[in-house]
Amino acid sequence: MYHYTACGLDNIYLKNGYVKTDSPSGTGISIHDMDGLHRVIARGLAEMVAPLQPKEFRFIRLELDLSQKGLGKLLGKTDQSVAKWEKGEQPIPVLADKAIRDLYMESIGEEAIAGLLEKLADLDRQIHELTLRLEETVNGWDLEIRTAA
């Protein structure tokens, strides 16, 4: 079994699909159908239930061929925010996690954007369920903000 770490992930092991060669300059590994392998890894990450870890988030972004700046633009964030998520310096927001998974699934022909749109609609409903209660007091208007539970 070959521990495949060149992809940037620590938990990938190949049972087969590679050739090990020894040469005077050292041992080399040649992986068959690297693009196919990366597609399977990315799909597995996109479909898993657990939140993405920083290295997994980065792997999917790279499979989408997006720069940190490009992904940040899509998500309304800065490239520095994306970099901090990928370094584990800040938690990956739930919506960014969902968005990158859905973008990947859409890129391979799976209908995933509907899931992202549903999540956005839920967030939008929460925003619109905000109640402003105003009361005129001796000091002027006073504001009480409540959100629907």
# chains A, B, ... in the order shown; residues from 1 in each chain; ligands from 1
>>> residues_around(residues="Asp33 of chain A", least_positions_apart="6", cutoff="12 Å", atoms="only C-alpha atoms", output="list in words")
Asn16, Gly17, Tyr18, Val19, Arg39 and Val40 of chain A
>>> closest_atom_pairs(of="segment 11-66 of chain A", to="segment 89-96 of chain A", cutoff="12 Å", atoms="only C-alpha atoms", output="Markdown table")
| residue | atom | partner | partner_atom | distance |
| --- | --- | --- | --- | --- |
| A:Ala50 | CA | A:Val94 | CA | 11.1 |
| A:Pro51 | CA | A:Val94 | CA | 7.9 |
| A:Leu52 | CA | A:Ile92 | CA | 7.8 |
| A:Gln53 | CA | A:Ile92 | CA | 8.0 |
| A:Pro54 | CA | A:Ile92 | CA | 7.5 |
| A:Lys55 | CA | A:Ile92 | CA | 11.1 |
| A:Glu56 | CA | A:Ile92 | CA | 11.0 |
| A:Phe57 | CA | A:Ile92 | CA | 8.5 |
| A:Arg58 | CA | A:Ile92 | CA | 10.9 |
| A:Ile60 | CA | A:Ala96 | CA | 11.9 |
| A:Arg61 | CA | A:Ala96 | CA | 11.1 |
>>> write_last_selection(atoms="N, CA, C and O atoms", output="PDB file, in the first residue's frame")
ATOM      1  N   ALA A  50     -18.907  14.955   7.306  1.00  0.00           N
ATOM      2  CA  ALA A  50     -18.137  15.806   8.223  1.00  0.00           C
ATOM      3  C   ALA A  50     -17.712  17.108   7.549  1.00  0.00           C
ATOM      4  O   ALA A  50     -17.519  17.146   6.334  1.00  0.00           O
ATOM      5  N   PRO A  51     -17.558  18.172   8.339  1.00  0.00           N
ATOM      6  CA  PRO A  51     -17.057  19.431   7.768  1.00  0.00           C
ATOM      7  C   PRO A  51     -15.673  19.225   7.150  1.00  0.00           C
ATOM      8  O   PRO A  51     -14.887  18.405   7.626  1.00  0.00           O
ATOM      9  N   LEU A  52     -15.404  19.974   6.100  1.00  0.00           N
ATOM     10  CA  LEU A  52     -14.092  19.892   5.454  1.00  0.00           C
ATOM     11  C   LEU A  52     -13.012  20.438   6.380  1.00  0.00           C
ATOM     12  O   LEU A  52     -13.214  21.455   7.058  1.00  0.00           O
ATOM     13  N   GLN A  53     -11.886  19.766   6.376  1.00  0.00           N
ATOM     14  CA  GLN A  53     -10.704  20.258   7.075  1.00  0.00           C
ATOM     15  C   GLN A  53      -9.963  21.201   6.132  1.00  0.00           C
ATOM     16  O   GLN A  53     -10.169  21.160   4.913  1.00  0.00           O
ATOM     17  N   PRO A  54      -9.087  22.060   6.657  1.00  0.00           N
ATOM     18  CA  PRO A  54      -8.397  23.026   5.803  1.00  0.00           C
ATOM     19  C   PRO A  54      -7.718  22.418   4.567  1.00  0.00           C
ATOM     20  O   PRO A  54      -7.858  22.949   3.459  1.00  0.00           O
ATOM     21  N   LYS A  55      -6.974  21.314   4.734  1.00  0.00           N
ATOM     22  CA  LYS A  55      -6.286  20.695   3.595  1.00  0.00           C
ATOM     23  C   LYS A  55      -7.275  20.146   2.575  1.00  0.00           C
ATOM     24  O   LYS A  55      -7.025  20.169   1.377  1.00  0.00           O
ATOM     25  N   GLU A  56      -8.413  19.653   3.043  1.00  0.00           N
ATOM     26  CA  GLU A  56      -9.437  19.116   2.144  1.00  0.00           C
ATOM     27  C   GLU A  56     -10.096  20.237   1.350  1.00  0.00           C
ATOM     28  O   GLU A  56     -10.337  20.102   0.141  1.00  0.00           O
ATOM     29  N   PHE A  57     -10.358  21.345   2.022  1.00  0.00           N
ATOM     30  CA  PHE A  57     -10.928  22.523   1.368  1.00  0.00           C
ATOM     31  C   PHE A  57      -9.991  22.987   0.250  1.00  0.00           C
ATOM     32  O   PHE A  57     -10.423  23.239  -0.881  1.00  0.00           O
ATOM     33  N   ARG A  58      -8.694  23.055   0.572  1.00  0.00           N
ATOM     34  CA  ARG A  58      -7.691  23.484  -0.409  1.00  0.00           C
ATOM     35  C   ARG A  58      -7.636  22.506  -1.585  1.00  0.00           C
ATOM     36  O   ARG A  58      -7.557  22.918  -2.738  1.00  0.00           O
ATOM     37  N   ILE A  60      -9.985  20.603  -2.845  1.00  0.00           N
ATOM     38  CA  ILE A  60     -11.132  20.807  -3.733  1.00  0.00           C
ATOM     39  C   ILE A  60     -10.976  22.101  -4.520  1.00  0.00           C
ATOM     40  O   ILE A  60     -11.261  22.143  -5.718  1.00  0.00           O
ATOM     41  N   ARG A  61     -10.512  23.160  -3.861  1.00  0.00           N
ATOM     42  CA  ARG A  61     -10.306  24.433  -4.579  1.00  0.00           C
ATOM     43  C   ARG A  61      -9.342  24.243  -5.735  1.00  0.00           C
ATOM     44  O   ARG A  61      -9.576  24.715  -6.854  1.00  0.00           O
TER      45      ARG A  61
END
>>> select_by_dssp(residues="chain A", states="alpha helix (DSSP H)", output="number ranges by chain")
A: 34-47, 54-63, 68-75, 79-87, 94-107, 113-128
>>> write_last_selection(atoms="C-alpha atoms", output="tab-separated table (two decimals), in the first residue's frame")
chain	number	residue	atom	x	y	z
A	34	MET	CA	-3.68	10.86	-11.74
A	35	ASP	CA	-6.57	13.03	-12.98
A	36	GLY	CA	-9.03	10.19	-12.37
A	37	LEU	CA	-7.55	9.58	-8.93
A	38	HIS	CA	-7.92	13.24	-7.99
A	39	ARG	CA	-11.53	13.28	-9.25
A	40	VAL	CA	-12.38	10.34	-6.99
A	41	ILE	CA	-10.66	11.94	-3.98
A	42	ALA	CA	-12.42	15.28	-4.53
A	43	ARG	CA	-15.81	13.62	-5.00
A	44	GLY	CA	-15.30	11.62	-1.81
A	45	LEU	CA	-14.49	14.81	0.07
A	46	ALA	CA	-17.46	16.65	-1.44
A	47	GLU	CA	-19.85	13.85	-0.47
A	54	PRO	CA	-8.40	23.03	5.80
A	55	LYS	CA	-6.29	20.69	3.59
A	56	GLU	CA	-9.44	19.12	2.14
A	57	PHE	CA	-10.93	22.52	1.37
A	58	ARG	CA	-7.69	23.48	-0.41
A	59	PHE	CA	-7.63	20.20	-2.36
A	60	ILE	CA	-11.13	20.81	-3.73
A	61	ARG	CA	-10.31	24.43	-4.58
A	62	LEU	CA	-7.27	23.29	-6.55
A	63	GLU	CA	-9.33	20.61	-8.32
A	68	GLN	CA	-7.71	31.84	-3.52
A	69	LYS	CA	-8.61	35.21	-5.02
A	70	GLY	CA	-11.03	33.65	-7.50
A	71	LEU	CA	-12.79	31.58	-4.86
A	72	GLY	CA	-12.87	34.56	-2.51
A	73	LYS	CA	-14.57	36.62	-5.20
A	74	LEU	CA	-17.20	33.92	-5.74
A	75	LEU	CA	-17.90	33.80	-2.00
A	79	ASP	CA	-8.16	35.90	-0.81
A	80	GLN	CA	-6.69	36.38	2.67
A	81	SER	CA	-9.84	34.92	4.23
A	82	VAL	CA	-9.56	31.85	2.00
A	83	ALA	CA	-5.86	31.54	2.86
A	84	LYS	CA	-6.64	31.65	6.59
A	85	TRP	CA	-9.27	28.91	6.19
A	86	GLU	CA	-6.79	26.74	4.31
A	87	LYS	CA	-4.08	27.28	6.93
A	94	VAL	CA	-20.44	26.55	6.92
A	95	LEU	CA	-21.65	28.31	3.78
A	96	ALA	CA	-18.14	28.29	2.24
A	97	ASP	CA	-17.84	24.57	3.02
A	98	LYS	CA	-21.21	23.89	1.36
A	99	ALA	CA	-20.45	26.17	-1.59
A	100	ILE	CA	-17.12	24.59	-2.52
A	101	ARG	CA	-18.62	21.09	-2.31
A	102	ASP	CA	-21.55	22.09	-4.50
A	103	LEU	CA	-19.30	23.90	-6.98
A	104	TYR	CA	-17.19	20.77	-7.30
A	105	MET	CA	-20.20	18.48	-7.75
A	106	GLU	CA	-21.60	20.85	-10.37
A	107	SER	CA	-18.23	20.86	-12.16
A	113	ILE	CA	-26.08	24.08	-6.91
A	114	ALA	CA	-29.70	23.47	-5.91
A	115	GLY	CA	-28.41	22.51	-2.46
A	116	LEU	CA	-26.41	25.72	-2.22
A	117	LEU	CA	-29.40	27.78	-3.34
A	118	GLU	CA	-31.54	26.08	-0.70
A	119	LYS	CA	-28.97	26.97	1.99
A	120	LEU	CA	-28.88	30.59	0.77
A	121	ALA	CA	-32.68	30.73	0.80
A	122	ASP	CA	-32.70	29.48	4.41
A	123	LEU	CA	-30.24	32.19	5.39
A	124	ASP	CA	-32.28	34.78	3.49
A	125	ARG	CA	-35.45	33.72	5.33
A	126	GLN	CA	-33.65	34.11	8.65
A	127	ILE	CA	-32.63	37.63	7.70
A	128	HIS	CA	-36.17	38.54	6.62
>>> atom_distance(atom1="atom CA of Val49 of chain A", atom2="atom CA of Leu64 of chain A")
20.0 Å
>>> select_by_dssp(residues="segment 4-127 of chain A", states="strand (DSSP E)", output="list in words")
Tyr13, Leu14, Tyr18, Val19, Lys20, Thr21, Asp22, Ser23, Gly26, Thr27, Gly28, Ile29, Ser30 and Ile31 of chain A
>>> atom_distance(atom1="atom CA of Ser67 of chain A", atom2="atom CA of Glu110 of chain A")
22.2 Å
>>> atom_distance(atom1="atom CA of Tyr4 of chain A", atom2="atom CA of Met48 of chain A")
19.6 Å
